[in-house]
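K.L.:
Dropping in data_7.txt, with compact mmCIF, C-alpha atoms.
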```txt
# COMPACT_ATOMS: atom_id res chain seq x y z
CA MET A 1 -2.23 2.60 -27.66
CA MET A 2 -2.74 5.54 -25.29
CA ALA A 3 -2.34 8.25 -27.97
CA LYS A 4 -5.27 6.91 -30.02
CA PHE A 5 -7.26 6.27 -26.86
CA ASP A 6 -6.74 9.81 -25.56
CA LEU A 7 -7.77 11.42 -28.84
CA ASN A 8 -10.99 9.42 -28.94
CA ARG A 9 -11.74 10.35 -25.35
CA ARG A 10 -11.18 14.03 -26.05
CA LYS A 11 -13.83 13.96 -28.81
CA VAL A 12 -16.37 12.22 -26.60
CA LEU A 13 -15.72 14.38 -23.55
CA LYS A 14 -16.13 17.60 -25.49
CA THR A 15 -19.79 16.66 -25.77
CA ALA A 16 -20.23 14.72 -22.53
CA GLY A 17 -18.87 17.57 -20.44
CA LEU A 18 -21.80 19.73 -21.44
CA VAL A 19 -24.37 17.29 -20.08
CA SER A 20 -25.14 17.48 -16.35
CA VAL A 21 -27.29 15.20 -14.24
CA SER A 22 -30.50 16.95 -13.25
CA LEU A 23 -30.39 17.01 -9.45
CA PRO A 24 -30.95 19.62 -6.72
CA PHE A 25 -28.29 22.18 -5.83
CA ILE A 26 -25.70 20.97 -3.36
CA TYR A 27 -23.09 22.60 -1.22
CA LEU A 28 -19.48 21.49 -1.19
CA SER A 29 -17.34 22.34 1.79
CA GLY A 30 -13.65 21.96 2.50
CA CYS A 31 -12.51 22.23 6.10
CA GLY A 32 -9.02 22.38 7.54
CA SER A 33 -6.91 19.61 9.05
CA ASP A 34 -5.82 19.48 12.66
CA GLY A 35 -2.26 18.84 11.43
CA ARG A 36 -1.40 16.15 13.97
CA SER A 37 -0.76 13.26 11.60
CA SER A 38 -0.34 14.93 8.22
CA VAL A 39 0.97 18.05 6.53
CA ASP A 40 -1.40 20.31 4.56
CA LEU A 41 -0.39 20.64 0.91
CA SER A 42 -3.65 22.01 -0.47
CA ASP A 43 -3.88 25.10 -2.63
CA ASN A 44 -7.56 25.96 -2.56
CA THR A 45 -7.42 29.74 -2.77
CA ASP A 46 -10.65 30.94 -4.36
CA THR A 47 -9.93 33.55 -7.00
CA ASP A 48 -13.37 33.51 -8.63
CA SER A 49 -15.07 36.84 -8.00
CA ASN A 50 -18.48 35.22 -8.45
CA THR A 51 -18.22 32.93 -5.42
CA ASP A 52 -19.75 33.96 -2.13
CA THR A 53 -17.12 32.57 0.23
CA ASP A 54 -13.36 32.52 0.63
CA ASN A 55 -11.96 28.99 0.47
CA SER A 56 -8.34 30.00 1.05
CA THR A 57 -6.25 27.73 3.24
CA ASP A 58 -2.92 28.06 5.01
CA ASN A 59 -0.70 26.27 2.52
CA SER A 60 2.52 24.62 3.62
CA THR A 61 5.46 23.21 1.68
CA ASP A 62 7.12 21.74 4.76
CA TYR A 63 6.83 18.09 3.79
CA THR A 64 9.22 15.34 2.82
CA GLY A 65 8.24 14.95 -0.82
CA ASP A 66 8.99 11.26 -0.38
CA TRP A 67 5.66 9.84 -1.49
CA ALA A 68 4.74 6.22 -0.90
CA GLN A 69 4.61 3.85 -3.88
CA GLY A 70 3.09 0.53 -4.84
CA GLY A 71 -0.54 0.92 -3.80
CA THR A 72 -2.51 0.48 -0.60
CA ALA A 73 -0.47 -2.50 0.61
CA ASN A 74 2.20 0.04 1.58
CA MET A 75 -0.19 2.26 3.54
CA THR A 76 0.31 2.08 7.32
CA ALA A 77 -1.28 5.34 8.48
CA ASN A 78 -4.57 5.18 10.35
CA PHE A 79 -7.51 7.19 9.11
CA PRO A 80 -7.66 10.54 10.95
CA ASP A 81 -10.50 11.26 13.35
CA ASP A 82 -13.40 13.60 12.61
CA GLU A 83 -11.49 16.67 13.76
CA LEU A 84 -10.10 16.53 10.24
CA PHE A 85 -13.28 18.22 9.03
CA ALA A 86 -13.47 20.81 11.83
CA LEU A 87 -17.23 21.17 11.45
CA ALA A 88 -17.69 22.18 15.09
CA SER A 89 -15.98 25.51 14.45
CA SER A 90 -16.49 26.14 10.76
CA CYS A 91 -18.83 25.26 7.93
CA THR A 92 -17.74 27.37 4.99
CA ILE A 93 -19.82 26.45 1.97
CA ASN A 94 -20.09 27.09 -1.74
CA LEU A 95 -23.33 26.72 -3.64
CA THR A 96 -22.84 24.73 -6.81
CA LYS A 97 -24.57 22.35 -9.17
CA SER A 98 -24.14 18.64 -9.62
CA GLN A 99 -21.66 17.51 -12.26
CA THR A 100 -22.02 14.94 -15.02
CA GLU A 101 -21.99 11.26 -14.10
CA GLY A 102 -19.80 10.52 -17.10
CA PRO A 103 -19.83 7.44 -19.35
CA CYS A 104 -17.72 5.18 -17.11
CA TYR A 105 -20.10 4.48 -14.24
CA PHE A 106 -21.54 1.16 -13.18
CA GLN A 107 -22.79 0.10 -9.76
CA ALA A 108 -20.02 -0.82 -7.35
CA ASP A 109 -19.71 -3.22 -4.42
CA VAL A 110 -19.45 -2.18 -0.77
CA LEU A 111 -15.70 -2.02 -0.14
CA ASP A 112 -13.13 -0.42 2.13
CA ASP A 113 -10.07 -0.91 -0.10
CA ILE A 114 -11.15 -0.27 -3.69
CA SER A 115 -7.73 -0.64 -5.32
CA GLU A 116 -7.81 -4.38 -6.13
CA GLU A 117 -4.07 -4.34 -5.38
CA GLN A 118 -3.30 -1.94 -8.22
CA THR A 119 -0.18 0.18 -8.06
CA GLY A 120 -0.02 3.92 -7.45
CA LEU A 121 0.38 6.53 -4.75
CA PRO A 122 -1.70 5.10 -1.87
CA MET A 123 -4.48 7.46 -0.91
CA GLN A 124 -6.89 7.75 1.99
CA LEU A 125 -10.14 9.15 0.59
CA CYS A 126 -12.30 10.60 3.38
CA LEU A 127 -15.71 12.12 2.75
CA ARG A 128 -18.26 13.50 5.18
CA LEU A 129 -21.91 14.21 4.42
CA VAL A 130 -23.84 16.96 6.21
CA ASP A 131 -27.16 18.77 5.82
CA SER A 132 -27.78 22.49 5.36
CA ASP A 133 -27.25 23.04 9.10
CA CYS A 134 -23.90 21.20 9.03
CA GLN A 135 -25.38 18.25 10.90
CA PRO A 136 -24.02 14.83 9.88
CA LEU A 137 -26.21 12.56 7.77
CA SER A 138 -25.95 8.87 8.64
CA GLY A 139 -27.18 5.89 6.66
CA TYR A 140 -26.57 7.42 3.24
CA GLU A 141 -24.66 5.57 0.52
CA ILE A 142 -21.61 7.31 -0.92
CA GLU A 143 -20.20 5.69 -4.04
CA VAL A 144 -16.89 6.65 -5.66
CA TRP A 145 -15.14 5.69 -8.89
CA HIS A 146 -12.03 6.82 -10.78
CA CYS A 147 -9.44 5.61 -13.27
CA ASP A 148 -6.09 3.91 -12.64
CA VAL A 149 -2.57 5.35 -13.01
CA ASN A 150 -2.79 4.93 -16.80
CA GLY A 151 -6.12 6.69 -17.16
CA LEU A 152 -8.12 3.47 -17.61
CA TYR A 153 -11.39 2.67 -15.89
CA SER A 154 -12.18 -0.88 -14.83
CA GLY A 155 -14.86 -2.60 -16.91
CA ASP A 156 -16.13 -5.83 -15.34
CA THR A 157 -19.88 -5.17 -15.37
CA SER A 158 -20.81 -8.86 -15.05
CA ASP A 159 -22.52 -8.32 -11.68
CA SER A 160 -23.93 -4.90 -12.44
CA ALA A 161 -27.61 -4.25 -13.01
CA ASP A 162 -26.91 -1.05 -14.95
CA SER A 163 -24.15 -2.10 -17.35
CA SER A 164 -25.97 -0.53 -20.31
CA ARG A 165 -24.81 2.89 -19.06
CA PHE A 166 -21.14 1.92 -19.29
CA ALA A 167 -19.20 2.97 -22.41
CA GLY A 168 -16.93 -0.06 -22.34
CA GLY A 169 -14.32 0.47 -25.06
CA PHE A 170 -14.09 4.19 -24.41
CA CYS A 171 -13.50 3.71 -20.68
CA THR A 172 -11.18 0.68 -20.78
CA ASP A 173 -9.53 1.16 -24.20
CA ASN A 174 -10.34 -2.56 -24.52
CA ASP A 175 -7.36 -3.31 -22.32
CA SER A 176 -7.80 -6.95 -21.23
CA LYS A 177 -6.82 -6.31 -17.60
CA ALA A 178 -9.11 -3.31 -17.31
CA VAL A 179 -12.04 -5.14 -18.92
CA ALA A 180 -11.73 -7.96 -16.37
CA ALA A 181 -11.38 -5.68 -13.32
CA LYS A 182 -13.49 -3.68 -10.88
CA TRP A 183 -10.67 -1.58 -9.55
CA PHE A 184 -11.20 1.88 -8.06
CA ARG A 185 -14.95 1.55 -7.54
CA GLY A 186 -16.70 1.23 -4.20
CA THR A 187 -19.63 2.13 -1.99
CA GLN A 188 -19.87 2.76 1.74
CA VAL A 189 -22.65 3.84 4.10
CA THR A 190 -22.11 6.97 6.19
CA ASP A 191 -21.68 6.40 9.91
CA ALA A 192 -23.20 8.41 12.76
CA ASN A 193 -20.84 11.26 11.92
CA GLY A 194 -21.71 11.23 8.22
CA ARG A 195 -18.29 9.79 7.42
CA VAL A 196 -16.95 7.25 4.91
CA ASN A 197 -13.32 6.21 4.35
CA PHE A 198 -11.85 4.49 1.31
CA LYS A 199 -8.38 3.12 0.66
CA THR A 200 -7.41 3.76 -2.94
CA CYS A 201 -4.66 5.26 -5.14
CA PHE A 202 -4.25 8.70 -6.62
CA PRO A 203 -5.87 8.60 -10.10
CA GLY A 204 -4.03 8.98 -13.38
CA TRP A 205 -5.24 11.12 -16.26
CA TYR A 206 -6.61 10.80 -19.77
CA SER A 207 -6.69 13.42 -22.50
CA GLY A 208 -9.33 16.10 -22.23
CA ARG A 209 -9.91 15.86 -18.45
CA THR A 210 -8.13 17.00 -15.35
CA ILE A 211 -7.47 14.31 -12.73
CA HIS A 212 -10.71 13.71 -10.85
CA VAL A 213 -12.76 11.39 -8.63
CA HIS A 214 -16.46 10.77 -9.26
CA PHE A 215 -18.96 10.37 -6.43
CA ARG A 216 -22.68 9.91 -5.93
CA VAL A 217 -24.81 10.11 -2.80
CA LYS A 218 -27.98 8.04 -2.39
CA ASN A 219 -30.68 7.84 0.25
CA ASN A 220 -33.18 4.98 0.08
CA ASN A 221 -31.91 4.28 -3.45
CA ASN A 222 -32.67 7.85 -4.55
CA ASP A 223 -29.86 10.03 -5.88
CA GLN A 224 -29.16 13.11 -3.79
CA VAL A 225 -26.16 14.33 -5.74
CA ILE A 226 -23.80 13.11 -8.47
CA SER A 227 -20.59 15.08 -8.90
CA GLN A 228 -16.79 15.06 -9.05
CA PHE A 229 -13.81 16.39 -7.10
CA CYS A 230 -10.37 17.34 -8.42
CA PHE A 231 -6.89 18.44 -7.33
CA ALA A 232 -4.87 21.63 -7.63
CA ASP A 233 -2.61 21.76 -10.71
CA SER A 234 0.55 22.30 -8.69
CA PHE A 235 -0.01 19.01 -6.90
CA THR A 236 -1.00 16.97 -9.96
CA LYS A 237 2.08 18.28 -11.77
CA GLU A 238 4.34 17.17 -8.93
CA ILE A 239 2.93 13.65 -8.81
CA CYS A 240 2.71 13.19 -12.58
CA THR A 241 6.28 14.32 -13.20
CA THR A 242 8.18 12.95 -10.18
CA HIS A 243 6.36 9.94 -8.74
CA PRO A 244 7.69 6.62 -10.14
CA ASP A 245 4.20 5.20 -10.65
CA TYR A 246 3.10 8.17 -12.81
CA ALA A 247 6.17 9.88 -14.28
CA ALA A 248 6.37 7.67 -17.39
CA ARG A 249 3.19 9.31 -18.70
CA GLY A 250 4.14 12.81 -17.60
CA GLU A 251 2.02 15.84 -16.83
CA GLN A 252 -1.70 15.83 -17.59
CA ASP A 253 -2.73 17.69 -20.75
CA THR A 254 -5.79 19.40 -19.22
CA PRO A 255 -5.10 21.48 -16.10
CA VAL A 256 -8.11 22.54 -14.07
CA GLU A 257 -7.04 26.14 -13.53
CA GLY A 258 -8.21 28.74 -16.00
CA GLY A 259 -11.43 26.87 -16.71
CA ARG A 260 -9.77 24.52 -19.19
CA ASP A 261 -11.49 21.37 -17.94
CA ASN A 262 -14.88 21.17 -19.68
CA VAL A 263 -16.64 19.72 -16.62
CA PHE A 264 -15.41 21.97 -13.80
CA GLY A 265 -15.01 25.10 -15.92
CA SER A 266 -14.15 28.40 -14.26
CA ASN A 267 -15.82 27.47 -10.95
CA TYR A 268 -13.40 24.65 -10.21
CA GLN A 269 -12.34 26.01 -6.81
CA ALA A 270 -15.44 24.63 -5.08
CA PHE A 271 -14.52 21.13 -6.27
CA LEU A 272 -10.89 21.02 -5.14
CA PHE A 273 -9.97 18.36 -2.60
CA ASP A 274 -8.23 19.31 0.60
CA TYR A 275 -5.18 17.10 0.87
CA SER A 276 -2.20 16.31 3.06
CA GLN A 277 0.74 13.94 3.23
CA ASN A 278 0.51 11.24 5.89
CA GLU A 279 3.51 10.22 7.96
CA ASP A 280 3.88 7.00 5.92
CA GLY A 281 4.12 9.00 2.67
CA SER A 282 0.57 8.20 1.57
CA LEU A 283 -1.87 10.87 0.46
CA LEU A 284 -4.87 12.00 2.49
CA ALA A 285 -7.61 13.57 0.32
CA TYR A 286 -10.74 14.78 2.08
CA LYS A 287 -13.87 16.84 1.48
CA THR A 288 -17.22 17.61 3.05
CA ILE A 289 -20.36 17.24 0.94
CA GLN A 290 -23.31 19.33 2.07
CA ILE A 291 -26.76 18.68 0.64
CA ALA A 292 -29.82 20.84 1.12
```
With the file now loaded, output its structure as C-alpha cells.
P.N.:
Amino acid sequence: MMAKFDLNRRKVLKTAGLVSVSLPFIYLSGCGSDGRSSVDLSDNTDTDSNTDTDNSTDNSTDYTGDWAQGGTANMTANFPDDELFALASSCTINLTKSQTEGPCYFQADVLDDISEEQTGLPMQLCLRLVDSDCQPLSGYEIEVWHCDVNGLYSGDTSDSADSSRFAGGFCTDNDSKAVAAKWFRGTQVTDANGRVNFKTCFPGWYSGRTIHVHFRVKNNNNDQVISQFCFADSFTKEICTTHPDYAARGEQDTPVEGGRDNVFGSNYQAFLFDYSQNEDGSLLAYKTIQIA
C-alpha cells in the first residue's frame, strides 16, 4: 500500500512544493536550552553563505539514546519554563518567507495532547511567538498539524468548515483509521509569554518530503504566517532506523540537507527545530516564531 501511496504523493508534491501562501515576511528564531532537564541534540549549523546570521549551536552527543516509545501516555517530563527560549539574552533571527500550507490542512480543535493516543516517540512541541522587537505576543492562535509514524495524515473533516481544501485520498491513502481520525492536529492560544505547548509524537515520513511539522499563526482570524519546521538529517536517520515505532519503514527518502526537499530548498537551516532529549526519554522540539 505505502509504495503506491508514496509514488502518488511524490508526483503531487513536485508541483505543490512550488506554490507558497502569499503572506508577509516572517522571522524564525532558534534559541538555546538552559540544559537543566534535557540534553541538546540539535545540529543547526548554518552553512548557507546567503544567510545574515549564524545559527550554530553547541551540539552534544552525551545522551542515553534510549528514546521513549508508545506515544504521549509514556511521557512524564514537565514542559520546560520559558528560559528554554533565552530571549532575554539573545534574539538571533533569520529573514525568510512563509512556506506552502500543503494539501492536508483542515481546521483543528483546541487541544493540549494532539496524539489521539497514537503510538510513536512522545514529543513536547513548544513554540513561542514574538514581534520584531522580540517581545512576546499573547492571544494569538498557533495551529499545528503533521502526519503519523506511517506518513499518514488524519482525515476526519466532519466538523471542519474548510474541508474542501483537504486532499483526502492523497493525505490518508484512504486508510480507514486515518479517514476516521483527527490525530496530530491542534490549536492553542499564546499565553502572556507568547508560548504554546503541545503533546504529540515525532512525525513519520512520506516519499518526496523530509519529516516536517506544519504551523499557522492567526490574529483575530487573520493569518499572520503559514509555514513548516523540520529536523536535521542526522537525527531523523537515527529515529527512523533505530526506534521501534519507526524502524520498520526505515530512513526517509528525502533528506533536507543539500536542498533536496522541494519546500525548504537550500535555505532549510532557518526552519530546523532545536531539540533535546528529556529525562524520561521523550523528545523536546522547540522554536521561536518572530513576525514583523
K.L.:
Which of these, A:Gly155, A:Gly258, A:Pro244, A:Gly208, has the shortest distance to Ala178 of chain A once you count all atoms listed in the file?
P.N.:
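Smallest separation from Ala178 of chain A among the options: A:Gly155.
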K.L.:
Skipping near chain neighbours, those fewer than 2 positions away, what residues fall within 8 Å of Gly186 of chain A using only C-alpha atoms, listed as a list of chain:residue names?
P.N.:
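The residues satisfying every condition are A:Ala108, A:Asp109, A:Val110, A:Leu111, A:Asp112, A:Ile114, A:Glu143, A:Val144, A:Trp145, A:Phe184, A:Gln188.
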K.L.:
Counting all atoms listed in the file, what is within 10 Å of Gly168 of chain A, bar same-chain residues fewer than 2 positions away, as a PyMOL selection string?
P.N.:
chain A and resi 103-105+153-157+163-166+170-174+178-179
K.L.:
Rank A:Thr72, A:Thr236, A:Ser227, A:Gln290 by their smallest atom-to-atom distance to Leu125 of chain A, using all atoms listed in the file, and report the top residue only.
P.N.:
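Under the stated criterion, the closest residue is A:Thr72.
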K.L.:
May I have the residues within 8 Å of Asp280 of chain A as a PyMOL selection string, using all atoms listed in the file and disregarding those fewer than 4 positions away in the same chain?
P.N.:
chain A and resi 68+75-77
K.L.:
Expressed in Å to a single decimal, how great is the separation between atom CA of Lys287 of chain A and atom CA of Cys126 of chain A?
P.N.:
6.7 Å
K.L.:
Figure out the distance between atom CA of Asp113 of chain A and atom CA of Ala180 of chain A, please, to one decimal in Å.
P.N.:
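Distance reported for this atom pair: 17.8 Å.
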K.L.:
How many Å separate atom CA of Phe235 of chain A from atom CA of Thr187 of chain A?
P.N.:
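Taking atom CA of Phe235 of chain A as the start and atom CA of Thr187 of chain A as the end point, the length is 26.3 Å.
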K.L.:
With only C-alpha atoms as the atoms that count, which of A:Asp162, A:Asp274, A:Phe215, A:Phe229 lies nearest to Val256 of chain A?
P.N.:
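Of A:Asp162, A:Asp274, A:Phe215, A:Phe229, the one nearest Val256 of chain A is A:Phe229, counting only C-alpha atoms.
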K.L.:
If we count only C-alpha atoms and set the cut-off at 9 Å, which residues sit around Trp67 of chain A, ignoring sequence neighbours fewer than 3 positions away in its own chain? Please answer as a PDB file with C-alpha atoms, keeping the file's coordinate frame.
P.N.:
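Written file, out.pdb:
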```pdb
ATOM      1  CA  THR A  64       9.220  15.340   2.820  1.00  0.00           C
ATOM      2  CA  LEU A 121       0.380   6.530  -4.750  1.00  0.00           C
ATOM      3  CA  PRO A 122      -1.700   5.100  -1.870  1.00  0.00           C
ATOM      4  CA  ILE A 239       2.930  13.650  -8.810  1.00  0.00           C
ATOM      5  CA  HIS A 243       6.360   9.940  -8.740  1.00  0.00           C
ATOM      6  CA  GLN A 277       0.740  13.940   3.230  1.00  0.00           C
ATOM      7  CA  ASP A 280       3.880   7.000   5.920  1.00  0.00           C
ATOM      8  CA  GLY A 281       4.120   9.000   2.670  1.00  0.00           C
ATOM      9  CA  SER A 282       0.570   8.200   1.570  1.00  0.00           C
ATOM     10  CA  LEU A 283      -1.870  10.870   0.460  1.00  0.00           C
TER      11      LEU A 283
END
```
K.L.:
Hey, which of A:Asn278, A:Gln228, A:Asn193, A:Thr254 ends up closest to Arg209 of chain A? Count all atoms listed in the file.
P.N.:
A:Thr254
K.L.:
Name the closest residue to Ala86 of chain A among the candidates A:Glu116, A:Arg128, A:Trp205, A:Ser98; distances are taken between atoms, counting all atoms listed in the file.
P.N.:
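Comparing A:Glu116, A:Arg128, A:Trp205, A:Ser98 against Ala86 of chain A, the winner is A:Arg128.
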